[in-house]
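Enquirer: Here you go, protein.cif (mmCIF, C-alpha atoms):
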```
data_coords
#
loop_
_atom_site.group_PDB
_atom_site.id
_atom_site.type_symbol
_atom_site.label_atom_id
_atom_site.label_comp_id
_atom_site.auth_asym_id
_atom_site.auth_seq_id
_atom_site.Cartn_x
_atom_site.Cartn_y
_atom_site.Cartn_z
ATOM 1 C CA MET A 14 -5.389 13.483 2.333
ATOM 2 C CA SER A 15 -4.608 17.167 2.337
ATOM 3 C CA LEU A 16 -2.509 19.031 -0.181
ATOM 4 C CA ILE A 17 0.939 20.485 0.381
ATOM 5 C CA THR A 18 0.541 24.222 0.760
ATOM 6 C CA GLU A 19 3.925 25.345 -0.593
ATOM 7 C CA LEU A 20 4.076 26.472 -4.200
ATOM 8 C CA HIS A 21 6.986 25.330 -6.343
ATOM 9 C CA LEU A 22 6.754 26.041 -10.058
ATOM 10 C CA CYS A 23 8.392 23.427 -12.233
ATOM 11 C CA PRO A 24 9.495 23.385 -15.881
ATOM 12 C CA LEU A 25 7.374 21.807 -18.603
ATOM 13 C CA ALA A 26 9.936 19.036 -18.906
ATOM 14 C CA TRP A 27 8.954 17.853 -15.428
ATOM 15 C CA LEU A 28 5.297 17.711 -16.444
ATOM 16 C CA ALA A 29 6.196 15.601 -19.478
ATOM 17 C CA PHE A 30 8.263 13.276 -17.302
ATOM 18 C CA LEU A 31 5.460 12.969 -14.757
ATOM 19 C CA LYS A 32 2.979 12.065 -17.486
ATOM 20 C CA SER A 33 5.332 9.415 -18.852
ATOM 21 C CA GLN A 34 5.798 7.903 -15.393
ATOM 22 C CA LEU A 35 2.046 7.810 -14.873
ATOM 23 C CA LYS A 36 1.180 6.355 -18.264
ATOM 24 C CA HIS A 37 -0.729 3.502 -16.632
ATOM 25 C CA HIS A 38 -2.919 5.891 -14.634
ATOM 26 C CA LEU A 39 -5.310 8.604 -15.682
ATOM 27 C CA LEU A 40 -4.823 11.950 -13.964
ATOM 28 C CA PRO A 41 -7.020 15.039 -14.165
ATOM 29 C CA GLU A 42 -5.501 18.211 -15.571
ATOM 30 C CA ALA A 43 -5.786 19.815 -12.122
ATOM 31 C CA PHE A 44 -3.346 17.261 -10.736
ATOM 32 C CA LEU A 45 -0.714 18.215 -13.292
ATOM 33 C CA HIS A 46 -1.306 21.937 -12.848
ATOM 34 C CA PRO A 47 1.725 23.848 -11.514
ATOM 35 C CA GLU A 48 -0.276 24.935 -8.470
ATOM 36 C CA ASN A 49 -0.611 21.327 -7.341
ATOM 37 C CA THR A 50 2.693 21.013 -5.513
ATOM 38 C CA GLU A 51 1.894 17.469 -4.371
ATOM 39 C CA ALA A 52 2.561 16.221 -7.904
ATOM 40 C CA PHE A 53 5.896 18.023 -8.084
ATOM 41 C CA HIS A 54 7.101 16.594 -4.781
ATOM 42 C CA LEU A 55 6.377 13.003 -5.882
ATOM 43 C CA GLN A 56 9.016 10.846 -7.513
ATOM 44 C CA TYR A 57 6.991 8.061 -9.088
ATOM 45 C CA THR A 58 7.946 4.420 -8.577
ATOM 46 C CA PRO A 59 5.782 1.365 -9.305
ATOM 47 C CA GLU A 60 7.695 -0.754 -6.762
ATOM 48 C CA PRO A 61 9.136 -0.240 -3.259
ATOM 49 C CA VAL A 62 12.603 1.322 -3.036
ATOM 50 C CA MET A 63 15.238 1.287 -0.313
ATOM 51 C CA GLY A 64 15.019 4.246 2.063
ATOM 52 C CA PRO A 65 16.987 5.444 5.119
ATOM 53 C CA GLY A 66 17.523 2.806 7.762
ATOM 54 C CA ALA A 67 16.242 -0.123 5.709
ATOM 55 C CA GLU A 68 18.253 -3.297 6.223
ATOM 56 C CA THR A 69 17.290 -4.935 2.937
ATOM 57 C CA ASP A 70 17.157 -3.501 -0.561
ATOM 58 C CA PRO A 71 13.702 -4.473 -1.916
ATOM 59 C CA THR A 72 15.096 -4.638 -5.468
ATOM 60 C CA GLN A 73 17.578 -7.392 -4.567
ATOM 61 C CA ILE A 74 16.689 -10.905 -5.683
ATOM 62 C CA THR A 75 17.291 -13.214 -2.725
ATOM 63 C CA PHE A 76 14.677 -15.948 -3.204
ATOM 64 C CA PRO A 77 15.565 -19.062 -5.215
ATOM 65 C CA GLY A 78 13.144 -19.911 -7.986
ATOM 66 C CA CYS A 79 10.962 -22.950 -8.395
ATOM 67 C CA ALA A 80 11.936 -25.717 -10.813
ATOM 68 C CA CYS A 81 8.474 -26.091 -12.333
ATOM 69 C CA LEU A 82 8.522 -26.658 -16.086
ATOM 70 C CA THR A 83 4.762 -26.425 -16.496
ATOM 71 C CA ALA A 84 2.955 -23.379 -17.860
ATOM 72 C CA SER A 85 1.370 -22.773 -14.469
ATOM 73 C CA CYS A 86 2.664 -24.050 -11.133
ATOM 74 C CA LEU A 87 0.853 -26.668 -9.057
ATOM 75 C CA PRO A 88 0.792 -26.640 -5.225
ATOM 76 C CA ALA A 89 1.899 -30.254 -4.919
ATOM 77 C CA ALA A 90 5.157 -29.613 -6.796
ATOM 78 C CA CYS A 91 5.953 -25.883 -6.592
ATOM 79 C CA SER A 92 8.241 -24.577 -3.843
ATOM 80 C CA CYS A 93 6.506 -21.174 -4.069
ATOM 81 C CA LEU A 94 3.134 -22.748 -3.257
ATOM 82 C CA LEU A 95 4.024 -24.782 -0.191
ATOM 83 C CA ARG A 96 1.347 -22.905 1.758
ATOM 84 C CA GLY A 97 -1.318 -23.467 -0.875
ATOM 85 C CA GLU A 98 -2.558 -21.675 -3.962
ATOM 86 C CA ASN A 99 -2.764 -17.890 -3.838
ATOM 87 C CA TYR A 100 -5.007 -17.134 -6.791
ATOM 88 C CA ASP A 101 -7.898 -18.575 -8.739
ATOM 89 C CA HIS A 102 -8.068 -17.090 -12.252
ATOM 90 C CA SER A 103 -6.147 -13.989 -11.070
ATOM 91 C CA CYS A 104 -8.480 -13.527 -8.084
ATOM 92 C CA LEU A 105 -7.288 -13.766 -4.484
ATOM 93 C CA ARG A 106 -8.331 -17.080 -2.964
ATOM 94 C CA ASP A 107 -10.030 -17.447 0.411
ATOM 95 C CA ILE A 108 -11.158 -13.816 0.350
ATOM 96 C CA GLU A 109 -14.406 -14.798 2.058
ATOM 97 C CA SER A 110 -12.713 -16.393 5.069
ATOM 98 C CA GLU A 111 -11.902 -14.225 8.065
ATOM 99 C CA VAL A 112 -8.941 -15.580 9.980
ATOM 100 C CA GLU A 113 -7.019 -14.387 13.013
ATOM 101 C CA PHE A 114 -3.892 -13.819 10.927
ATOM 102 C CA ALA A 115 -3.390 -13.894 7.171
ATOM 103 C CA ARG A 116 -1.146 -16.635 5.798
ATOM 104 C CA PRO A 117 2.078 -15.587 4.047
ATOM 105 C CA MET A 118 1.894 -15.257 0.272
ATOM 106 C CA PHE A 119 4.746 -15.902 -2.144
ATOM 107 C CA GLU A 120 4.550 -15.375 -5.888
ATOM 108 C CA CYS A 121 6.845 -17.000 -8.424
ATOM 109 C CA ASN A 122 9.808 -14.747 -9.233
ATOM 110 C CA VAL A 123 12.395 -14.004 -11.908
ATOM 111 C CA MET A 124 14.443 -17.042 -10.869
ATOM 112 C CA CYS A 125 11.543 -19.454 -11.371
ATOM 113 C CA GLN A 126 11.509 -21.713 -14.418
ATOM 114 C CA CYS A 127 7.754 -21.505 -14.905
ATOM 115 C CA SER A 128 6.318 -19.350 -17.664
ATOM 116 C CA GLU A 129 5.395 -15.674 -17.427
ATOM 117 C CA GLN A 130 1.766 -16.803 -17.762
ATOM 118 C CA CYS A 131 1.940 -18.772 -14.515
ATOM 119 C CA GLU A 132 -1.170 -18.193 -12.417
ATOM 120 C CA ASN A 133 1.058 -17.457 -9.422
ATOM 121 C CA ARG A 134 2.216 -14.185 -11.022
ATOM 122 C CA VAL A 135 -0.330 -11.448 -10.349
ATOM 123 C CA VAL A 136 1.018 -8.518 -8.318
ATOM 124 C CA GLN A 137 4.237 -8.424 -10.340
ATOM 125 C CA ARG A 138 2.263 -7.804 -13.531
ATOM 126 C CA GLY A 139 1.231 -4.403 -12.255
ATOM 127 C CA LEU A 140 -1.966 -2.500 -12.915
ATOM 128 C CA GLN A 141 -4.639 -4.105 -15.035
ATOM 129 C CA PHE A 142 -7.366 -1.482 -14.534
ATOM 130 C CA SER A 143 -7.641 2.217 -15.356
ATOM 131 C CA LEU A 144 -7.366 4.276 -12.181
ATOM 132 C CA GLN A 145 -7.859 8.020 -11.833
ATOM 133 C CA VAL A 146 -6.674 10.520 -9.253
ATOM 134 C CA PHE A 147 -9.440 13.012 -8.510
ATOM 135 C CA LYS A 148 -10.243 15.845 -6.116
ATOM 136 C CA THR A 149 -12.682 14.902 -3.358
ATOM 137 C CA ASP A 150 -14.945 17.263 -1.446
ATOM 138 C CA LYS A 151 -13.390 16.859 2.005
ATOM 139 C CA LYS A 152 -10.445 14.455 1.740
ATOM 140 C CA GLY A 153 -8.130 16.203 -0.696
ATOM 141 C CA TRP A 154 -7.045 13.908 -3.517
ATOM 142 C CA GLY A 155 -8.545 10.454 -3.896
ATOM 143 C CA LEU A 156 -8.299 7.484 -6.239
ATOM 144 C CA ARG A 157 -11.133 5.883 -8.191
ATOM 145 C CA THR A 158 -11.505 3.215 -10.820
ATOM 146 C CA LEU A 159 -12.844 3.828 -14.317
ATOM 147 C CA ASP A 160 -13.399 0.104 -14.834
ATOM 148 C CA LEU A 161 -15.477 -2.574 -13.181
ATOM 149 C CA ILE A 162 -13.150 -4.454 -10.814
ATOM 150 C CA PRO A 163 -14.336 -7.962 -9.855
ATOM 151 C CA LYS A 164 -14.016 -9.091 -6.270
ATOM 152 C CA GLY A 165 -10.610 -10.564 -5.484
ATOM 153 C CA ARG A 166 -8.710 -8.896 -8.328
ATOM 154 C CA PHE A 167 -5.429 -7.098 -7.693
ATOM 155 C CA VAL A 168 -5.890 -3.323 -7.940
ATOM 156 C CA CYS A 169 -2.595 -1.613 -7.064
ATOM 157 C CA GLU A 170 0.342 -1.585 -4.668
ATOM 158 C CA TYR A 171 1.102 0.785 -1.840
ATOM 159 C CA ALA A 172 4.688 1.481 -2.901
ATOM 160 C CA GLY A 173 7.229 3.897 -1.488
ATOM 161 C CA GLU A 174 10.420 4.095 0.527
ATOM 162 C CA ILE A 175 11.138 1.157 2.834
ATOM 163 C CA LEU A 176 12.264 2.739 6.114
ATOM 164 C CA GLY A 177 14.039 1.591 9.228
ATOM 165 C CA THR A 178 12.216 1.879 12.540
ATOM 166 C CA LEU A 179 14.150 4.916 13.758
ATOM 167 C CA GLU A 180 13.650 6.786 10.481
ATOM 168 C CA ALA A 181 9.920 6.020 10.455
ATOM 169 C CA ARG A 182 9.631 7.261 14.041
ATOM 170 C CA ARG A 183 11.662 10.373 13.237
ATOM 171 C CA ARG A 184 9.467 11.282 10.269
ATOM 172 C CA ILE A 185 6.260 10.662 12.190
ATOM 173 C CA GLN A 186 7.335 12.775 15.151
ATOM 174 C CA GLN A 187 8.334 15.666 12.898
ATOM 175 C CA GLN A 188 4.802 15.899 11.521
ATOM 176 C CA THR A 189 2.276 18.454 12.696
ATOM 177 C CA LYS A 190 -1.490 18.065 12.814
ATOM 178 C CA HIS A 191 -1.654 19.891 9.497
ATOM 179 C CA ASP A 192 0.624 17.423 7.677
ATOM 180 C CA SER A 193 -0.634 14.469 5.692
ATOM 181 C CA ASN A 194 0.726 11.160 6.925
ATOM 182 C CA TYR A 195 1.406 8.480 4.324
ATOM 183 C CA ILE A 196 3.658 6.234 6.432
ATOM 184 C CA ILE A 197 2.220 2.794 7.006
ATOM 185 C CA ALA A 198 3.500 0.218 9.483
ATOM 186 C CA VAL A 199 2.773 -3.424 8.603
ATOM 187 C CA ARG A 200 3.271 -5.988 11.344
ATOM 188 C CA GLU A 201 3.325 -9.679 10.527
ATOM 189 C CA HIS A 202 3.052 -11.993 13.514
ATOM 190 C CA ILE A 203 5.034 -15.178 12.913
ATOM 191 C CA CYS A 204 5.395 -17.451 15.939
ATOM 192 C CA ASN A 205 6.654 -17.356 19.508
ATOM 193 C CA GLY A 206 5.845 -13.652 19.670
ATOM 194 C CA GLN A 207 8.113 -12.766 16.729
ATOM 195 C CA ILE A 208 6.996 -9.859 14.574
ATOM 196 C CA ILE A 209 8.258 -8.729 11.189
ATOM 197 C CA GLU A 210 7.725 -4.994 10.765
ATOM 198 C CA THR A 211 7.800 -3.124 7.487
ATOM 199 C CA PHE A 212 7.528 0.671 7.227
ATOM 200 C CA VAL A 213 6.593 2.221 3.882
ATOM 201 C CA ASP A 214 6.549 5.957 3.165
ATOM 202 C CA PRO A 215 5.328 7.158 -0.264
ATOM 203 C CA THR A 216 5.342 10.841 0.703
ATOM 204 C CA HIS A 217 8.136 11.810 -1.701
ATOM 205 C CA VAL A 218 8.794 8.537 -3.548
ATOM 206 C CA GLY A 219 5.700 6.481 -4.254
ATOM 207 C CA ASN A 220 3.013 5.320 -6.626
ATOM 208 C CA VAL A 221 -0.662 5.903 -7.261
ATOM 209 C CA GLY A 222 -1.520 4.005 -4.064
ATOM 210 C CA ARG A 223 -0.548 7.030 -1.959
ATOM 211 C CA PHE A 224 -3.775 8.746 -3.051
ATOM 212 C CA LEU A 225 -5.996 6.068 -1.519
ATOM 213 C CA ASN A 226 -8.156 7.386 1.301
ATOM 214 C CA HIS A 227 -9.241 5.599 4.451
ATOM 215 C CA SER A 228 -12.701 4.168 4.892
ATOM 216 C CA CYS A 229 -14.267 2.422 7.866
ATOM 217 C CA GLU A 230 -16.087 0.254 5.275
ATOM 218 C CA PRO A 231 -13.404 -0.092 2.560
ATOM 219 C CA ASN A 232 -13.625 -1.813 -0.797
ATOM 220 C CA LEU A 233 -9.954 -2.864 -0.767
ATOM 221 C CA LEU A 234 -7.908 -5.047 1.550
ATOM 222 C CA MET A 235 -4.132 -4.993 1.903
ATOM 223 C CA VAL A 236 -2.115 -8.208 1.693
ATOM 224 C CA PRO A 237 1.700 -8.454 2.026
ATOM 225 C CA VAL A 238 2.944 -10.429 -0.995
ATOM 226 C CA ARG A 239 6.567 -11.520 -1.387
ATOM 227 C CA ILE A 240 8.091 -12.014 -4.814
ATOM 228 C CA ASP A 241 11.881 -11.666 -5.040
ATOM 229 C CA SER A 242 12.814 -11.210 -1.371
ATOM 230 C CA MET A 243 11.516 -11.069 2.191
ATOM 231 C CA VAL A 244 10.578 -7.418 1.702
ATOM 232 C CA PRO A 245 6.803 -7.581 1.132
ATOM 233 C CA ARG A 246 4.918 -5.790 -1.602
ATOM 234 C CA LEU A 247 1.819 -4.215 -0.040
ATOM 235 C CA ALA A 248 -0.812 -5.382 -2.516
ATOM 236 C CA LEU A 249 -4.387 -4.104 -2.465
ATOM 237 C CA PHE A 250 -7.143 -6.421 -3.681
ATOM 238 C CA ALA A 251 -10.836 -5.757 -4.305
ATOM 239 C CA ALA A 252 -12.842 -6.856 -1.259
ATOM 240 C CA LYS A 253 -16.021 -6.741 -3.323
ATOM 241 C CA ASP A 254 -17.120 -5.932 -6.863
ATOM 242 C CA ILE A 255 -16.192 -2.284 -7.443
ATOM 243 C CA LEU A 256 -18.189 -0.241 -9.938
ATOM 244 C CA PRO A 257 -16.763 2.277 -12.431
ATOM 245 C CA ASN A 258 -16.186 5.751 -10.929
ATOM 246 C CA GLU A 259 -16.307 4.346 -7.401
ATOM 247 C CA GLU A 260 -13.667 5.713 -5.032
ATOM 248 C CA LEU A 261 -11.093 3.176 -3.868
ATOM 249 C CA SER A 262 -10.302 2.959 -0.164
ATOM 250 C CA TYR A 263 -8.824 0.713 2.493
ATOM 251 C CA ASP A 264 -8.789 0.601 6.284
ATOM 252 C CA TYR A 265 -5.637 2.355 7.502
ATOM 253 C CA SER A 266 -5.764 0.392 10.762
ATOM 254 C CA GLY A 267 -5.641 -3.012 9.088
ATOM 255 C CA ARG A 268 -8.613 -4.242 11.102
ATOM 256 C CA PHE A 269 -10.763 -4.872 8.043
ATOM 257 C CA HIS A 270 -10.778 -8.589 7.123
ATOM 258 C CA ASN A 271 -8.045 -9.303 9.710
ATOM 259 C CA LEU A 272 -9.444 -10.454 13.041
ATOM 260 C CA THR A 273 -6.331 -9.965 15.142
ATOM 261 C CA LYS A 274 -6.519 -10.192 18.914
ATOM 262 C CA LYS A 275 -4.668 -6.905 19.109
ATOM 263 C CA ASN A 276 -4.683 -4.599 16.147
ATOM 264 C CA GLY A 277 -1.966 -2.297 17.364
ATOM 265 C CA ASN A 278 -2.453 0.608 19.689
ATOM 266 C CA GLN A 279 -5.139 2.963 18.464
ATOM 267 C CA GLU A 280 -4.665 5.420 21.285
ATOM 268 C CA MET A 281 -2.021 8.017 22.028
ATOM 269 C CA SER A 282 -1.123 10.013 25.055
ATOM 270 C CA ASP A 283 -2.601 13.503 25.121
ATOM 271 C CA LYS A 284 0.868 14.854 24.426
ATOM 272 C CA HIS A 285 1.032 13.242 20.982
ATOM 273 C CA LYS A 286 -2.642 12.912 20.081
ATOM 274 C CA ILE A 287 -3.427 14.247 16.602
ATOM 275 C CA GLY A 288 -7.080 13.257 16.226
ATOM 276 C CA LYS A 289 -7.681 13.838 12.521
ATOM 277 C CA PRO A 290 -11.370 13.543 11.606
ATOM 278 C CA CYS A 291 -12.549 10.772 9.309
ATOM 279 C CA HIS A 292 -14.709 11.850 6.364
ATOM 280 C CA CYS A 293 -15.501 8.419 4.911
ATOM 281 C CA GLY A 294 -19.225 8.977 5.477
ATOM 282 C CA THR A 295 -20.041 5.315 6.139
ATOM 283 C CA LYS A 296 -22.574 4.097 8.697
ATOM 284 C CA SER A 297 -19.827 2.573 10.840
ATOM 285 C CA CYS A 298 -17.534 5.617 10.677
ATOM 286 C CA ALA A 299 -15.325 5.854 13.770
ATOM 287 C CA ALA A 300 -15.202 9.683 13.475
ATOM 288 C CA PHE A 301 -11.384 9.798 13.591
ATOM 289 C CA LEU A 302 -8.672 8.345 11.361
ATOM 290 C CA PRO A 303 -6.680 5.407 12.769
ATOM 291 C CA TYR A 304 -3.137 6.049 13.908
ATOM 292 C CA ASP A 305 -0.291 4.021 15.375
ATOM 293 C CA SER A 306 0.903 5.211 18.764
ATOM 294 C CA SER A 307 3.850 2.788 18.785
ATOM 295 C CA LEU A 308 5.821 5.119 16.502
ATOM 296 C CA TYR A 309 5.850 7.669 19.301
ATOM 297 C CA SER A 310 7.708 5.355 21.671
ATOM 298 C CA PRO A 311 10.482 2.736 21.371
ATOM 299 C CA LEU A 312 9.453 -0.495 19.669
ATOM 300 C CA GLU A 313 10.364 -3.794 21.298
ATOM 301 C CA ASN A 314 12.530 -6.287 19.431
ATOM 302 C CA PRO A 315 11.603 -5.229 15.884
ATOM 303 C CA THR A 316 12.689 -7.139 12.796
ATOM 304 C CA THR A 317 12.590 -4.414 10.161
ATOM 305 C CA HIS A 318 12.978 -4.496 6.404
#
```
Please go through the file and, once you have read it, give me the structure as structure tokens.
Expert:
Amino acid sequence: MSLITELHLCPLAWLAFLKSQLKHHLLPEAFLHPENTEAFHLQYTPEPVMGPGAETDPTQITFPGCACLTASCLPAACSCLLRGENYDHSCLRDIESEVEFARPMFECNVMCQCSEQCENRVVQRGLQFSLQVFKTDKKGWGLRTLDLIPKGRFVCEYAGEILGTLEARRRIQQQTKHDSNYIIAVREHICNGQIIETFVDPTHVGNVGRFLNHSCEPNLLMVPVRIDSMVPRLALFAAKDILPNEELSYDYSGRFHNLTKKNGNQEMSDKHKIGKPCHCGTKSCAAFLPYDSSLYSPLENPTTH
């Protein structure tokens, strides 16, 4: 991810506010330096927020809660676990299995009668590991862990503005080849050809997840998790044991650990082709970063949050 080149000096009060908002993350002094305009353009939010064109406010509570009175919910009785258990001792279950499409995940929410210690409450608890934004050699800013993260553990969210389709397309088409793109399009295939699409943009309003870089052999995988409403939280889990000081990354294309028949269009017409090089350095590097050509043309029958 490249830096914003404009220089906007900000008062010390803004630096203090930024530090308070990022109290759960460790940032190098260079990131908080006035010359790093990327920090000054970011309004920090730990959860998704409603942006232009979004049909649903992600902060609204629309799901009913379960009636479980036990300390931790059980699949046979809990309405939130009708599709099976999600976690095993805070680790994502079935992480070893590669399926054509991931099953939907629902956590217990604020309306549930189960305790706050319920095992089906993981993403909503937020960060549990110390993460650090750092300057990479070729990829701009990156994110690494200072702790050992066991395989399957929740690491962080990819939070930002929830956009409508037209707004996501408008922002994408306004970008130049020199601009960093943080917009992600998540498509969930339901049945009978129906697709739920969610567009998240943390460019100006986001969390620490926006500093994650792409890798063709990532150590994180993204899973849409629903808690209070149908608007998914884009949760990133450890795909393997991650060592301290190791950079965190995920596959921007969504192909990793998701054996879909069609993983979206990875090609563009020459008119719109950006072709940003990939610097992940892995043996299976595809040489160029993934991109979604569908945002350059009308989308068919989208259901957007």
Enquirer: Pick out the closest residue to Pro163 (chain A) from this set: A:Ala299, A:Leu176, A:Ile255, A:Ala198. Count only C-alpha atoms.
Expert: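 Under the stated criterion, the closest residue is A:Ile255.
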Enquirer: Taking the file as I've supplied it (selection: the PyMOL selection byres ((chain A and resi 240-246) around 6)), which residues are included? Please answer as a ChimeraX atom specification.
Expert: /A:71,74-76,119-120,122,237-239,247-248
Enquirer: Written as a list in words, what is the full residue list that the PyMOL selection byres ((chain A and resi 130-142) around 6) yields on the file shown?
Expert: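 Applied to this file, the PyMOL selection byres ((chain A and resi 130-142) around 6) selects Ala84, Ser85, Glu120, Cys121, Ser128, Glu129, Ser143 and Cys169 of chain A.
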Enquirer: Hey, which of A:Leu161, A:Ile196, A:Leu256, A:Val236 ends up closest to Leu105 (chain A)? Count only C-alpha atoms.
Expert: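 So, comparing all the options, the nearest one is A:Val236.
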Enquirer: Give me the residues within 8 Å of region 78-83 of chain A as a PDB file with C-alpha atoms, keeping the file's coordinate frame, counting all atoms listed in the file and dropping any in the same chain fewer than 4 places off.
Expert:
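Below is the file that was written, around_27.pdb:
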```pdb
ATOM      1  CA  ALA A  90       5.157 -29.613  -6.796  1.00  0.00           C
ATOM      2  CA  CYS A  91       5.953 -25.883  -6.592  1.00  0.00           C
ATOM      3  CA  SER A  92       8.241 -24.577  -3.843  1.00  0.00           C
ATOM      4  CA  CYS A  93       6.506 -21.174  -4.069  1.00  0.00           C
ATOM      5  CA  CYS A 121       6.845 -17.000  -8.424  1.00  0.00           C
ATOM      6  CA  ASN A 122       9.808 -14.747  -9.233  1.00  0.00           C
ATOM      7  CA  VAL A 123      12.395 -14.004 -11.908  1.00  0.00           C
ATOM      8  CA  MET A 124      14.443 -17.042 -10.869  1.00  0.00           C
ATOM      9  CA  CYS A 125      11.543 -19.454 -11.371  1.00  0.00           C
ATOM     10  CA  GLN A 126      11.509 -21.713 -14.418  1.00  0.00           C
ATOM     11  CA  CYS A 127       7.754 -21.505 -14.905  1.00  0.00           C
ATOM     12  CA  SER A 128       6.318 -19.350 -17.664  1.00  0.00           C
TER      13      SER A 128
END
```
Enquirer: Could you tell me which residues the PyMOL selection byres ((chain A and resi 222) around 7) grabs in this file, written as a VMD selection string?
Expert: chain A and resid 169 to 172 220 to 221 223 to 225
Enquirer: Pick the closest to Leu261 (chain A) from A:Leu156, A:Cys293, A:Cys204, A:Met63: which is it, counting all atoms listed in the file?
Expert: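 Among the listed residues, A:Leu156 lies closest to Leu261 (chain A).
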Enquirer: Could you pull the residues within 6 Å of Ala251 (chain A), counting all atoms listed in the file, minus those fewer than 5 positions along the same chain, as a VMD selection string?
Expert: chain A and resid 164 to 166 232 to 233
Enquirer: Output C-alpha atoms of each residue in that selection to a file, as a PDB file, in the frame of the given file.
Expert:
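Dumped everything to result_10.pdb:
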```
ATOM      1  CA  LYS A 164     -14.016  -9.091  -6.270  1.00  0.00           C
ATOM      2  CA  GLY A 165     -10.610 -10.564  -5.484  1.00  0.00           C
ATOM      3  CA  ARG A 166      -8.710  -8.896  -8.328  1.00  0.00           C
ATOM      4  CA  ASN A 232     -13.625  -1.813  -0.797  1.00  0.00           C
ATOM      5  CA  LEU A 233      -9.954  -2.864  -0.767  1.00  0.00           C
TER       6      LEU A 233
END
```
Enquirer: Select, from A:Lys289, A:Ser266, A:Val146, A:Glu60, the residue with the minimum atom-to-atom distance to His191 (chain A), counting only C-alpha atoms.
Expert: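 Closest candidate: A:Lys289.
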Enquirer: Report, in Å with one decimal, the straight-line distance from CA of Pro117 (chain A) to CA of Phe167 (chain A).
Expert: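 Interatomic distance, CA of Pro117 (chain A) to CA of Phe167 (chain A): 16.3 Å.
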Enquirer: Which is closer to Val168 (chain A) than all the others in A:Phe301, A:Pro77, A:Met235, A:Ser307, using all atoms listed in the file?
Expert: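 The shortest atom-to-atom distance to Val168 (chain A) comes from A:Met235.
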Enquirer: My list of candidates is A:Thr295, A:Thr216, A:Gln73, A:Asn194. Which is closest to Tyr265 (chain A) when distances are computed with all atoms listed in the file?
Expert: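 Closest to Tyr265 (chain A) of all the choices is A:Asn194.
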Enquirer: Please indicate the distance in Å from CA of Gln145 (chain A) to CA of Ala300 (chain A), rounded to one decimal place.
Expert: 26.4 Å
Enquirer: Please identify all polymer residues within 6 Å of His227 (chain A), counting all atoms listed in the file, omitting same-chain residues fewer than 5 positions from it, and present them as a ChimeraX atom specification.
Expert: /A:262-265
Enquirer: What is the CA of Glu180 (chain A)-CA of His292 (chain A) distance in Å, reported with one decimal?
Expert: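 Distance between the two atoms: 29.1 Å.
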Enquirer: Using all atoms of region 157-161 of chain A listed in the file and a margin of 4 Å per side, can you give the axis-aligned box centre and edge lengths in Å to one decimal, as AutoDock Vina command-line options?
Expert:
```
--center_x -13.3 --center_y 1.7 --center_z -11.5 --size_x 12.3 --size_y 16.5 --size_z 14.6
```
